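K.L.:
My structure is in upload_31.cif, and what it holds is mmCIF, C-alpha atoms:
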```
data_work
loop_
_atom_site.label_atom_id
_atom_site.label_comp_id
_atom_site.auth_asym_id
_atom_site.auth_seq_id
_atom_site.Cartn_x
_atom_site.Cartn_y
_atom_site.Cartn_z
CA MET A 105 50.53 36.61 118.16
CA LYS A 106 53.00 39.43 117.55
CA LYS A 107 55.33 37.84 120.10
CA LEU A 108 55.09 34.49 118.32
CA ILE A 109 55.95 36.07 114.97
CA ALA A 110 58.80 37.98 116.56
CA ALA A 111 60.12 34.78 118.16
CA ALA A 112 59.80 32.87 114.86
CA SER A 113 61.62 35.67 113.02
CA LEU A 114 64.39 35.52 115.58
CA VAL A 115 64.80 31.76 115.05
CA ILE A 116 64.93 32.21 111.26
CA LEU A 117 67.42 35.07 111.61
CA SER A 118 69.64 33.06 113.99
CA THR A 119 69.58 30.08 111.62
CA ALA A 120 70.53 32.33 108.69
CA ILE A 121 73.41 33.84 110.65
CA ALA A 122 74.61 30.44 111.90
CA ARG A 123 74.44 29.08 108.37
CA ALA A 124 76.24 32.07 106.86
CA GLN A 125 79.07 31.67 109.35
CA THR A 126 79.81 28.04 108.61
CA ILE A 127 82.35 26.98 106.00
CA GLU A 128 80.49 25.37 103.10
CA ILE A 129 82.10 22.49 101.19
CA THR A 130 80.49 21.65 97.84
CA PRO A 131 81.82 18.19 96.91
CA ASN A 132 83.34 17.59 93.49
CA ALA A 133 80.67 17.18 90.79
CA SER A 134 77.87 17.28 93.37
CA ALA A 135 75.59 18.91 90.79
CA PRO A 136 75.03 16.97 87.55
CA SER A 137 77.08 18.23 84.61
CA ALA A 138 75.15 19.32 81.54
CA LEU A 139 75.92 18.91 77.84
CA GLY A 140 76.35 22.29 76.15
CA ASP A 141 73.12 23.42 74.45
CA ALA A 142 73.49 23.00 70.66
CA LYS A 143 72.05 26.52 70.18
CA LEU A 144 74.89 28.00 72.28
CA PHE A 145 77.80 25.62 71.62
CA SER A 146 79.14 23.67 68.61
CA GLY A 147 80.45 20.15 69.19
CA HIS A 148 80.80 18.24 72.43
CA VAL A 149 80.88 20.51 75.47
CA VAL A 150 80.29 19.64 79.14
CA VAL A 151 79.38 22.37 81.64
CA ALA A 152 79.81 21.67 85.38
CA SER A 153 78.56 24.16 87.97
CA LEU A 154 81.09 25.24 90.63
CA PHE A 155 79.46 28.09 92.58
CA PRO A 156 76.55 30.52 92.25
CA ALA A 157 76.72 34.30 92.13
CA ASN A 158 76.21 36.08 95.44
CA GLU A 159 76.97 39.49 96.93
CA PHE A 160 80.63 38.46 97.38
CA THR A 161 81.43 36.38 94.27
CA HIS A 162 79.43 38.74 91.99
CA GLY A 163 79.54 35.97 89.37
CA THR A 164 78.82 32.33 88.65
CA GLY A 165 81.67 29.80 88.55
CA GLY A 166 81.70 26.78 86.26
CA HIS A 167 84.10 24.29 84.71
CA VAL A 168 83.66 23.83 80.97
CA THR A 169 85.35 21.14 78.86
CA PHE A 170 85.46 21.26 75.07
CA ALA A 171 86.23 18.24 72.86
CA PRO A 172 88.48 18.95 69.85
CA GLY A 173 86.55 21.17 67.43
CA ALA A 174 84.03 22.29 70.08
CA ARG A 175 83.47 25.98 70.90
CA THR A 176 80.98 28.51 72.25
CA ALA A 177 78.77 30.60 69.99
CA TRP A 178 79.64 34.27 69.59
CA HIS A 179 78.66 36.08 72.79
CA THR A 180 79.29 39.01 75.14
CA HIS A 181 79.37 39.40 78.94
CA PRO A 182 77.62 42.42 80.49
CA ALA A 183 80.13 42.49 83.41
CA GLY A 184 83.07 40.58 81.89
CA GLN A 185 84.37 37.05 82.33
CA MET A 186 87.54 35.46 83.75
CA LEU A 187 88.75 32.17 82.30
CA ILE A 188 91.38 29.99 84.00
CA VAL A 189 92.53 27.34 81.52
CA THR A 190 92.81 24.03 83.39
CA SER A 191 93.73 21.59 80.63
CA GLY A 192 94.74 21.27 77.00
CA LYS A 193 95.01 23.95 74.36
CA GLY A 194 92.30 26.16 72.90
CA TRP A 195 91.48 29.26 70.92
CA VAL A 196 89.84 32.57 71.80
CA GLN A 197 88.90 35.27 69.32
CA GLN A 198 87.23 38.63 69.60
CA GLU A 199 85.25 40.14 66.74
CA GLY A 200 87.63 41.87 64.31
CA GLY A 201 90.72 40.37 65.97
CA GLU A 202 92.98 37.39 65.36
CA LYS A 203 92.37 33.95 66.78
CA ARG A 204 94.70 33.46 69.78
CA GLU A 205 95.99 30.27 71.39
CA ILE A 206 95.35 29.59 75.09
CA ASN A 207 97.02 26.85 77.12
CA SER A 208 96.63 25.16 80.49
CA GLY A 209 97.45 27.68 83.25
CA ASP A 210 96.71 30.78 81.18
CA VAL A 211 94.23 33.31 82.57
CA VAL A 212 91.98 35.17 80.12
CA TRP A 213 90.02 38.34 80.85
CA ILE A 214 87.06 39.03 78.55
CA PRO A 215 86.14 42.71 79.02
CA VAL A 216 82.57 43.99 79.25
CA GLY A 217 80.67 43.88 75.96
CA VAL A 218 83.45 42.37 73.80
CA ASN A 219 81.91 40.02 71.21
CA HIS A 220 83.96 36.80 71.15
CA TRP A 221 84.08 33.00 71.23
CA HIS A 222 86.34 30.46 72.95
CA GLY A 223 86.82 26.74 72.76
CA ALA A 224 89.12 23.88 71.84
CA THR A 225 91.39 23.91 68.79
CA ASN A 226 90.48 21.70 65.83
CA LYS A 227 92.88 18.98 67.10
CA THR A 228 93.05 19.35 70.90
CA GLY A 229 90.56 19.45 73.77
CA MET A 230 90.50 22.34 76.26
CA GLY A 231 89.05 22.85 79.73
CA HIS A 232 88.60 26.10 81.63
CA ILE A 233 87.07 27.46 84.79
CA ALA A 234 84.80 30.36 83.81
CA ILE A 235 83.75 33.08 86.24
CA SER A 236 80.99 35.10 84.59
CA TYR A 237 80.20 38.33 86.39
CA MET A 238 76.60 39.48 86.78
CA LYS A 239 74.88 42.71 85.79
CA GLU A 240 71.18 43.10 86.46
CA GLY A 241 70.71 39.33 86.77
CA LYS A 242 72.51 38.48 83.51
CA ASN A 243 76.02 37.19 82.86
CA VAL A 244 75.93 36.47 79.11
CA GLU A 245 74.28 37.62 75.88
CA TRP A 246 74.35 34.91 73.21
CA GLY A 247 74.76 35.46 69.46
CA LYS A 248 75.20 33.22 66.39
CA LEU A 249 77.08 29.91 66.30
CA VAL A 250 80.71 30.09 65.13
CA THR A 251 80.82 28.60 61.61
CA ASP A 252 83.41 25.98 60.60
CA GLU A 253 84.98 28.63 58.31
CA GLU A 254 85.31 31.09 61.21
CA PHE A 255 86.67 28.32 63.46
CA VAL A 256 89.41 26.85 61.27
CA GLY A 257 89.67 29.49 58.54
CA GLN A 258 92.38 31.54 60.17
CA VAL A 259 95.79 30.22 61.16
CA PRO A 260 96.72 31.51 64.64
CA PRO A 261 100.02 33.39 64.86
CA ARG A 262 102.88 31.42 66.39
CA ASP A 263 104.17 33.05 69.57
CA MET B 237 96.46 75.25 76.72
CA LYS B 238 92.99 74.05 77.70
CA LYS B 239 92.61 72.57 74.22
CA LEU B 240 95.92 70.74 74.58
CA ILE B 241 94.89 69.27 77.91
CA ALA B 242 91.52 68.30 76.49
CA ALA B 243 93.20 66.65 73.49
CA ALA B 244 95.69 64.82 75.75
CA SER B 245 92.84 63.64 78.00
CA LEU B 246 91.01 62.35 74.96
CA VAL B 247 94.05 60.34 73.87
CA ILE B 248 94.46 58.87 77.37
CA LEU B 249 90.74 58.10 77.51
CA SER B 250 90.78 56.46 74.06
CA THR B 251 93.80 54.34 75.02
CA ALA B 252 92.09 53.27 78.23
CA ILE B 253 88.93 52.32 76.34
CA ALA B 254 90.87 50.50 73.60
CA ARG B 255 92.83 48.62 76.23
CA ALA B 256 89.76 47.78 78.26
CA GLN B 257 88.06 46.36 75.19
CA THR B 258 90.79 43.91 74.23
CA ILE B 259 90.85 40.35 75.53
CA GLU B 260 93.84 40.00 77.88
CA ILE B 261 95.71 36.69 78.05
CA THR B 262 98.03 36.27 81.05
CA PRO B 263 100.32 33.35 80.19
CA ASN B 264 100.75 30.46 82.62
CA ALA B 265 103.14 31.38 85.46
CA SER B 266 104.00 34.72 83.84
CA ALA B 267 104.51 36.22 87.31
CA PRO B 268 107.12 34.54 89.53
CA SER B 269 105.64 32.25 92.19
CA ALA B 270 106.52 33.03 95.79
CA LEU B 271 107.26 30.76 98.72
CA GLY B 272 104.69 31.19 101.49
CA ASP B 273 105.91 33.61 104.18
CA ALA B 274 106.91 31.61 107.31
CA LYS B 275 104.94 34.08 109.45
CA LEU B 276 101.73 33.28 107.54
CA PHE B 277 102.23 29.63 106.51
CA SER B 278 103.76 26.51 108.10
CA GLY B 279 105.77 24.17 105.86
CA HIS B 280 106.39 24.36 102.14
CA VAL B 281 103.82 26.49 100.34
CA VAL B 282 104.00 28.06 96.87
CA VAL B 283 101.72 30.98 95.95
CA ALA B 284 101.21 31.84 92.26
CA SER B 285 99.28 34.95 91.25
CA LEU B 286 96.44 34.44 88.76
CA PHE B 287 94.58 37.76 88.53
CA PRO B 288 94.27 41.03 90.46
CA ALA B 289 91.14 42.47 92.05
CA ASN B 290 89.22 44.97 89.93
CA GLU B 291 85.73 46.43 89.83
CA PHE B 292 84.47 43.22 88.19
CA THR B 293 86.41 40.41 89.92
CA HIS B 294 86.10 42.13 93.34
CA GLY B 295 88.90 39.81 94.54
CA THR B 296 92.39 38.53 93.87
CA GLY B 297 92.90 35.10 92.29
CA GLY B 298 95.85 32.85 93.10
CA HIS B 299 96.92 29.22 92.92
CA VAL B 300 98.37 27.88 96.16
CA THR B 301 100.10 24.50 96.56
CA PHE B 302 100.81 22.94 99.95
CA ALA B 303 103.34 20.13 100.53
CA PRO B 304 102.22 17.41 102.98
CA GLY B 305 102.02 18.98 106.45
CA ALA B 306 101.89 22.55 105.13
CA ARG B 307 99.03 24.92 106.00
CA THR B 308 98.03 28.56 106.38
CA ALA B 309 98.05 30.34 109.74
CA TRP B 310 94.68 31.05 111.37
CA HIS B 311 93.04 33.90 109.46
CA THR B 312 89.80 35.60 108.43
CA HIS B 313 88.59 37.22 105.19
CA PRO B 314 86.74 40.56 105.43
CA ALA B 315 84.66 39.74 102.31
CA GLY B 316 84.94 35.94 102.21
CA GLN B 317 87.00 33.54 100.11
CA MET B 318 86.22 30.87 97.49
CA LEU B 319 88.56 27.88 97.19
CA ILE B 320 88.51 25.51 94.20
CA VAL B 321 90.59 22.44 95.08
CA THR B 322 92.68 21.54 92.03
CA SER B 323 94.79 18.63 93.28
CA GLY B 324 95.34 16.22 96.13
CA LYS B 325 93.61 16.10 99.49
CA GLY B 326 93.64 18.66 102.30
CA TRP B 327 92.02 19.86 105.49
CA VAL B 328 90.03 22.95 106.40
CA GLN B 329 88.93 23.88 109.92
CA GLN B 330 87.07 26.79 111.39
CA GLU B 331 87.57 27.89 114.99
CA GLY B 332 85.44 25.73 117.29
CA GLY B 333 84.58 23.26 114.51
CA GLU B 334 85.90 19.91 113.35
CA LYS B 335 88.70 19.50 110.83
CA ARG B 336 87.13 18.60 107.45
CA GLU B 337 88.64 16.83 104.46
CA ILE B 338 88.70 18.54 101.05
CA ASN B 339 89.55 16.83 97.76
CA SER B 340 90.35 17.77 94.19
CA GLY B 341 87.24 19.29 92.56
CA ASP B 342 85.60 20.40 95.81
CA VAL B 343 84.60 24.06 96.16
CA VAL B 344 84.87 25.69 99.60
CA TRP B 345 83.21 28.93 100.66
CA ILE B 346 84.78 30.69 103.66
CA PRO B 347 82.21 33.21 104.93
CA VAL B 348 83.06 36.74 106.05
CA GLY B 349 84.94 36.91 109.34
CA VAL B 350 85.13 33.15 110.02
CA ASN B 351 88.46 32.34 111.72
CA HIS B 352 89.96 29.28 110.02
CA TRP B 353 92.94 27.57 108.39
CA HIS B 354 93.38 25.35 105.33
CA GLY B 355 96.18 23.28 103.90
CA ALA B 356 97.43 19.83 103.04
CA THR B 357 96.88 16.77 105.24
CA ASN B 358 99.83 15.37 107.18
CA LYS B 359 100.42 12.79 104.42
CA THR B 360 99.17 14.33 101.15
CA GLY B 361 99.80 17.52 99.23
CA MET B 362 96.94 19.81 98.18
CA GLY B 363 96.51 22.59 95.65
CA HIS B 364 93.70 25.13 95.36
CA ILE B 365 92.73 28.22 93.46
CA ALA B 366 91.82 30.90 96.03
CA ILE B 367 89.65 33.90 95.18
CA SER B 368 89.90 36.33 98.09
CA TYR B 369 87.30 39.09 97.97
CA MET B 370 88.24 42.65 98.90
CA LYS B 371 86.78 45.03 101.47
CA GLU B 372 88.34 48.46 101.87
CA GLY B 373 91.56 47.35 100.19
CA LYS B 374 92.02 44.20 102.32
CA ASN B 375 91.29 40.57 101.59
CA VAL B 376 92.77 38.82 104.64
CA GLU B 377 93.48 39.35 108.36
CA TRP B 378 96.24 37.05 109.61
CA GLY B 379 96.43 35.47 113.07
CA LYS B 380 98.69 32.91 114.78
CA LEU B 381 100.35 29.94 113.12
CA VAL B 382 98.51 26.60 113.40
CA THR B 383 100.45 24.46 115.89
CA ASP B 384 101.37 20.84 115.15
CA GLU B 385 98.92 19.80 117.88
CA GLU B 386 96.09 21.75 116.24
CA PHE B 387 97.09 20.36 112.82
CA VAL B 388 97.30 16.63 113.55
CA GLY B 389 95.67 16.45 116.99
CA GLN B 390 92.18 15.79 115.80
CA VAL B 391 91.17 12.83 113.64
CA PRO B 392 88.83 14.02 110.88
CA PRO B 393 85.47 12.25 110.71
CA ARG B 394 85.16 9.67 107.95
CA ASP B 395 82.41 10.60 105.48
#
```
Starting from the file, give its structure as structure tokens.

P.N.:
Amino acid sequence: MKKLIAAASLVILSTAIARAQTIEITPNASAPSALGDAKLFSGHVVVASLFPANEFTHGTGGHVTFAPGARTAWHTHPAGQMLIVTSGKGWVQQEGGEKREINSGDVVWIPVGVNHWHGATNKTGMGHIAISYMKEGKNVEWGKLVTDEEFVGQVPPRD
Amino acid sequence: MKKLIAAASLVILSTAIARAQTIEITPNASAPSALGDAKLFSGHVVVASLFPANEFTHGTGGHVTFAPGARTAWHTHPAGQMLIVTSGKGWVQQEGGEKREINSGDVVWIPVGVNHWHGATNKTGMGHIAISYMKEGKNVEWGKLVTDEEFVGQVPPRD
């Protein structure tokens, strides 16, 4: 019986190793995209999963698209977040700071624990890849929705 | 003297904290792009830096574009690599395996230590974001260039 278990374990282990050593291709949009939860996002937002967190990535990857006027709620990341803007023009703002413009190709680093929101502008859509790093199984702490006054109330500085 | 050092340390520490707690926007193409080194790439390749490795990202981020026929040399990653295909159509192949087609929107995971190459097809260009994870200060081990026979010699299976 012990031998059988040992043999079975060996098969499982070999399969795991073989699997781990094969290049994995996840086809475009192979997982269904989800509409952004109205408790966490304002307006029309689509969230597409790209890759899960593992011991190497340390964070989840997703592609998020915001229609004009759409944005996240206020939130923080326990291990930070990297945004790579893939289309359009958007805004990002941290609590107590000015609203800042972000454009296709920009890369945005949200440090650990910084309360902020990001999204489209009031007139343009915006898409970004978001890599949200994990700490103790969590990659985000959600707060209140961004009000219309907070969203459009402040004119961003022209660079 | 000790007090001065302590005060100076406090200033440095405060600056570091203040800096670490501010959202950082790296504008599109703010670092010059580089042509792929002819010892590491075949054909016309452009490498643009996106973000550096740090304690959160654990890897460097870059955007790489391959002209038709262009590809990396054979190589391995000591902590793996994630590719997000952003444009066109390309090929990826691991040693001993078949050449596989990758298209815009696909996500490719290259496991630790797997010898492989990736690039355009012979007729189409391809672009991808590459996140190359770090181990002991390294994120890649380069090998030989991919020969023309290796590149076009094998017809990829039709999915």

K.L.:
Applied to this file, what does the PyMOL selection byres ((chain B and resi 387) around 9) return in terms of residues, put as a list of chain:residue names?

P.N.:
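Checked against the file, the PyMOL selection byres ((chain B and resi 387) around 9) matches B:Gly305, B:Arg307, B:Trp327, B:Lys335, B:Thr357, B:Asn358, B:Val382, B:Thr383, B:Asp384, B:Glu385, B:Glu386, B:Val388, B:Gly389, B:Gln390.
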
K.L.:
Using only C-alpha atoms, which residues of chain A come within 7 Å of chain B, and what is the closest atom pair for each, with the distance in Å to one decimal? Give it as a tab-separated table, sorted by chain and residue number.

P.N.:
```
residue	atom	partner	partner_atom	distance
A:Ala124	CA	B:Pro347	CA	6.4
A:Gln125	CA	B:Pro347	CA	5.6
A:Thr126	CA	B:Pro347	CA	6.8
A:Ile127	CA	B:Ile346	CA	5.0
A:Glu128	CA	B:Trp345	CA	5.1
A:Ile129	CA	B:Val344	CA	4.5
A:Thr130	CA	B:Val343	CA	5.1
A:Pro131	CA	B:Asp342	CA	4.5
A:Asn132	CA	B:Asp342	CA	4.3
A:Leu154	CA	B:Val343	CA	6.7
A:Phe160	CA	B:Ala315	CA	6.5
A:Ala183	CA	B:Phe292	CA	6.5
A:Gly184	CA	B:Phe292	CA	7.0
A:Gly209	CA	B:Asn264	CA	4.4
A:Asp210	CA	B:Asn264	CA	4.3
A:Val211	CA	B:Thr262	CA	5.1
A:Val212	CA	B:Ile261	CA	4.5
A:Trp213	CA	B:Glu260	CA	5.1
A:Ile214	CA	B:Ile259	CA	5.0
A:Pro215	CA	B:Gln257	CA	5.6
A:Val218	CA	B:Gln257	CA	6.3
A:Tyr237	CA	B:Phe292	CA	6.7
```

K.L.:
Quick one: distance from CA of Ala157 (chain A) to CA of Gly355 (chain B) in Å, one decimal?

P.N.:
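Going from CA of Ala157 (chain A) over to CA of Gly355 (chain B), I get 25.3 Å.
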
K.L.:
Hey, what comes out of the PyMOL selection byres ((chain B and resi 275) around 10) on this file? Could you write it as a compact mmCIF listing (two decimals) with C-alpha atoms, in the frame of the given file?

P.N.:
```txt
# COMPACT_ATOMS: atom_id res chain seq x y z
CA GLY B 272 104.69 31.19 101.49
CA ASP B 273 105.91 33.61 104.18
CA ALA B 274 106.91 31.61 107.31
CA LEU B 276 101.73 33.28 107.54
CA PHE B 277 102.23 29.63 106.51
CA SER B 278 103.76 26.51 108.10
CA THR B 308 98.03 28.56 106.38
CA ALA B 309 98.05 30.34 109.74
CA TRP B 378 96.24 37.05 109.61
CA GLY B 379 96.43 35.47 113.07
CA LYS B 380 98.69 32.91 114.78
CA LEU B 381 100.35 29.94 113.12
```

K.L.:
To one decimal place, how far is CA of Ala138 (chain A) from CA of Gly298 (chain B) in Å?

P.N.:
27.3 Å

K.L.:
Padding 5 Å on every side, please: axis-aligned box over the listed atoms of region 176-193 of chain A, centre and edge lengths to one decimal in Å, as JSON.

P.N.:
```
{"center_x": 86.3, "center_y": 31.9, "center_z": 76.8, "size_x": 27.4, "size_y": 31.2, "size_z": 24.4}
```

K.L.:
List as a ChimeraX atom specification the protein and nucleic acid residues near Glu245 (chain A), meaning an atom at most 9 Å away when only C-alpha atoms are counted, but skip any in the same chain fewer than 4 places from it.

P.N.:
/A:178-182,217

K.L.:
Write the selection just made, keeping C-alpha atoms, as a CSV table (one decimal), in the frame of the given file?

P.N.:
```csv
chain,number,residue,atom,x,y,z
A,178,TRP,CA,79.6,34.3,69.6
A,179,HIS,CA,78.7,36.1,72.8
A,180,THR,CA,79.3,39.0,75.1
A,181,HIS,CA,79.4,39.4,78.9
A,182,PRO,CA,77.6,42.4,80.5
A,217,GLY,CA,80.7,43.9,76.0
```

K.L.:
Give me, please, the distance in Å between CA of Val300 (chain B) and CA of Glu372 (chain B), quoted to one decimal.

P.N.:
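A separation of 23.6 Å between them.
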
K.L.:
Considering only C-alpha atoms, return as a list in words whatever protein or nucleic-acid residues lie within 6 Å of Met362 (chain B), sequence-local ones (same chain, fewer than 5 positions apart) excluded.

P.N.:
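In the requested form, the answer reads Thr301, Phe302, Ser323, Gly324, Lys325, Gly326 and Ala356 of chain B.
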
K.L.:
Write out the residues from the selection above, keeping C-alpha atoms, as a CSV table (one decimal), keeping the file's coordinate frame.

P.N.:
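Output file selection-v3.csv is given in full below:
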```csv
chain,number,residue,atom,x,y,z
B,301,THR,CA,100.1,24.5,96.6
B,302,PHE,CA,100.8,22.9,100.0
B,323,SER,CA,94.8,18.6,93.3
B,324,GLY,CA,95.3,16.2,96.1
B,325,LYS,CA,93.6,16.1,99.5
B,326,GLY,CA,93.6,18.7,102.3
B,356,ALA,CA,97.4,19.8,103.0
```

K.L.:
Can you pull out every residue within 7 Å of Ser137 (chain A), counting all atoms listed in the file, but drop anything in the same chain fewer than 2 positions away, and send it as a ChimeraX atom specification?

P.N.:
/A:135,139,150-153
